[in-house]
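Structure, as structure tokens:
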Amino acid sequence: MQIRIFSNENDLAAAAADIFETTIAAKPDAVLGLATGASPVLTYKELIKRYEAGKISFARVTTFNLDEYCDLPKNDKNSYYTFMQENLFSKIDIDPANVHIEDGNAADFDAEAKAYDAMIEAAGLIDLQLLGIGTNGHIGFNEPADAFSDGTFRVKLTESTIKANSRYFTDSVMPEYALTMGVGSIMRAKKILLIATGAAKAEAICNTVKGPVTPRCPASILQTHPDAILLMDEAAAALL
Ligand code: F6R
């Protein structure tokens, strides 16, 4: 695991964007795994800036998002579909046909999960996977559990995740379930980039980097990935 600590979030976002830029320069039809939430927002802003400056094109890129809430209308302001449109996709030259997000309203969640994994495999697996981390060490919505998950599946969100994310659900009730790529799907990515900022992430980062590899802290499995990079600010790194 490579660890880089930054004193300000703009430098961190620029470093993350550099890794995207290098990946796409080497492989213009790269397959990117993308995340939602607060952690990637500045990185997406930086990628948009570089697209506008003509430094980077997403025209041939394919994307797979980590997760999506179940039973939330696709166009709800809190769906991850809406998040991705607003924070990235509507502002770059990506072909909508190459964008993939789990269908949280699928009639058959198991079939949707299997189809999603099959699409990732057919695309040749993920070249660069972007991750945030939950305060409980979750990646995607892989919550602390007795065993590491493998492929995409429907998960019941934990109280801690519901507490952390319910602040966004001001006019509606936060869903209790989500579809998420599994830990196995994440680990099959060729390169992984995790962003963590703020003191609330310090304990999860400490467990991820220094703790045992355990499904009780799902991100700890990144210790075993051959090419995982953790970008964090000083607050998130405080317990290392
Ligand atoms: C989002 C995701 C989650 C978040 C994590 C951190 O697609 O998969 O694992 O990355 O909950 O969220 P923020 O960045 O909002 O602190």
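In the structure tokens, the first chain shown is A, the next is B, and so on; residue numbers restart at 1 for each chain, and ligands run from 1 in the order shown.
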Practice item. Collect all residues with atoms no farther than 6 Å from ligand 1, counting only C-alpha atoms and all ligand atoms, and output them as a ChimeraX atom specification. Key: /A:35-39,66-67,131-134,138-141
For the residues selected in the previous step, produce a file with C-alpha atoms as a PDB file, in the first residue's frame.
ATOM      1  CA  ALA A  35     -17.352   6.484  -6.112  1.00  0.00           C
ATOM      2  CA  THR A  36     -19.876   8.978  -4.783  1.00  0.00           C
ATOM      3  CA  GLY A  37     -19.979  10.853  -1.464  1.00  0.00           C
ATOM      4  CA  ALA A  38     -17.953  13.822  -0.290  1.00  0.00           C
ATOM      5  CA  SER A  39     -14.489  12.295  -0.752  1.00  0.00           C
ATOM      6  CA  LEU A  66     -19.471   1.250  -6.840  1.00  0.00           C
ATOM      7  CA  ASP A  67     -22.977   1.401  -5.505  1.00  0.00           C
ATOM      8  CA  LEU A 131     -12.760   4.624  -3.302  1.00  0.00           C
ATOM      9  CA  GLY A 132     -13.814   6.626  -0.274  1.00  0.00           C
ATOM     10  CA  ILE A 133     -13.915   4.977   3.140  1.00  0.00           C
ATOM     11  CA  GLY A 134     -16.698   4.858   5.729  1.00  0.00           C
ATOM     12  CA  HIS A 138     -16.509   0.221   4.679  1.00  0.00           C
ATOM     13  CA  ILE A 139     -15.579   0.423   0.999  1.00  0.00           C
ATOM     14  CA  GLY A 140     -18.427   0.674  -1.455  1.00  0.00           C
ATOM     15  CA  PHE A 141     -21.224  -0.399   0.873  1.00  0.00           C
TER      16      PHE A 141
END
Exercise for review: Would you kindly return, as a PyMOL selection string, each protein, DNA or RNA residue with an atom no farther than 10 Å from any atom of Tyr116 (chain A), considering only C-alpha atoms and excluding same-chain residues fewer than 2 positions away?
Suggested key: chain A and resi 64+100-103+110-114+118-122+151-153+180-181
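The space separating CA of Tyr177 (chain A) from CA of Asp71 (chain A) comes to 7.9 Å.
Looking only at region 14-124 of chain A, the set that DSSP places in strand (DSSP E) from backbone geometry is Val31, Leu32, Gly33, Leu34, Thr62, Thr63, Phe64, Asn65, Asp67, Glu68, Tyr69, Val99 and His100 of chain A.
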Review point. Taking only C-alpha atoms into account, which of A:Ala106, A:Ile19, A:Ser90, A:Ser57 comes nearest Lys74 (chain A)?
Key: A:Ala106
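Across A:Ser79, A:Pro73, A:Ile24, A:Leu222, the tightest approach to Ala189 (chain A) is made by A:Leu222 when counting only C-alpha atoms.
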Study note, to complete from the structure: Counting only C-alpha atoms, the residue among A:Asn142, A:Ser220, A:Thr208, A:Asn105 that lies closest to Val155 (chain A) is A:Asn142
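The smallest atom-to-atom distance between Val183 (chain A) and any of A:Thr224, A:Thr158, A:Ser149, A:Thr214, using only C-alpha atoms, is found for A:Ser149.
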Could you list, with a cut-off of 9 Å and counting only C-alpha atoms, the residues of region 69-176 of chain A near region 41-49 of chain A, each shown with its nearest atom pair and the distance in Å rounded to one decimal, rows sorted by chain and ascending number, as CSV?
residue,atom,partner,partner_atom,distance
A:Asn87,CA,A:Tyr44,CA,6.6
A:Leu88,CA,A:Tyr44,CA,6.0
A:Lys91,CA,A:Ile48,CA,6.5
A:Ile92,CA,A:Ile48,CA,6.3
Practice item. Might you pull out every residue within 10 Å of Tyr168 (chain A), with only C-alpha atoms counted and same-chain residues fewer than 5 positions away left off, and present them as JSON, numbers by chain? Key: {"A": [77, 78, 173, 174]}
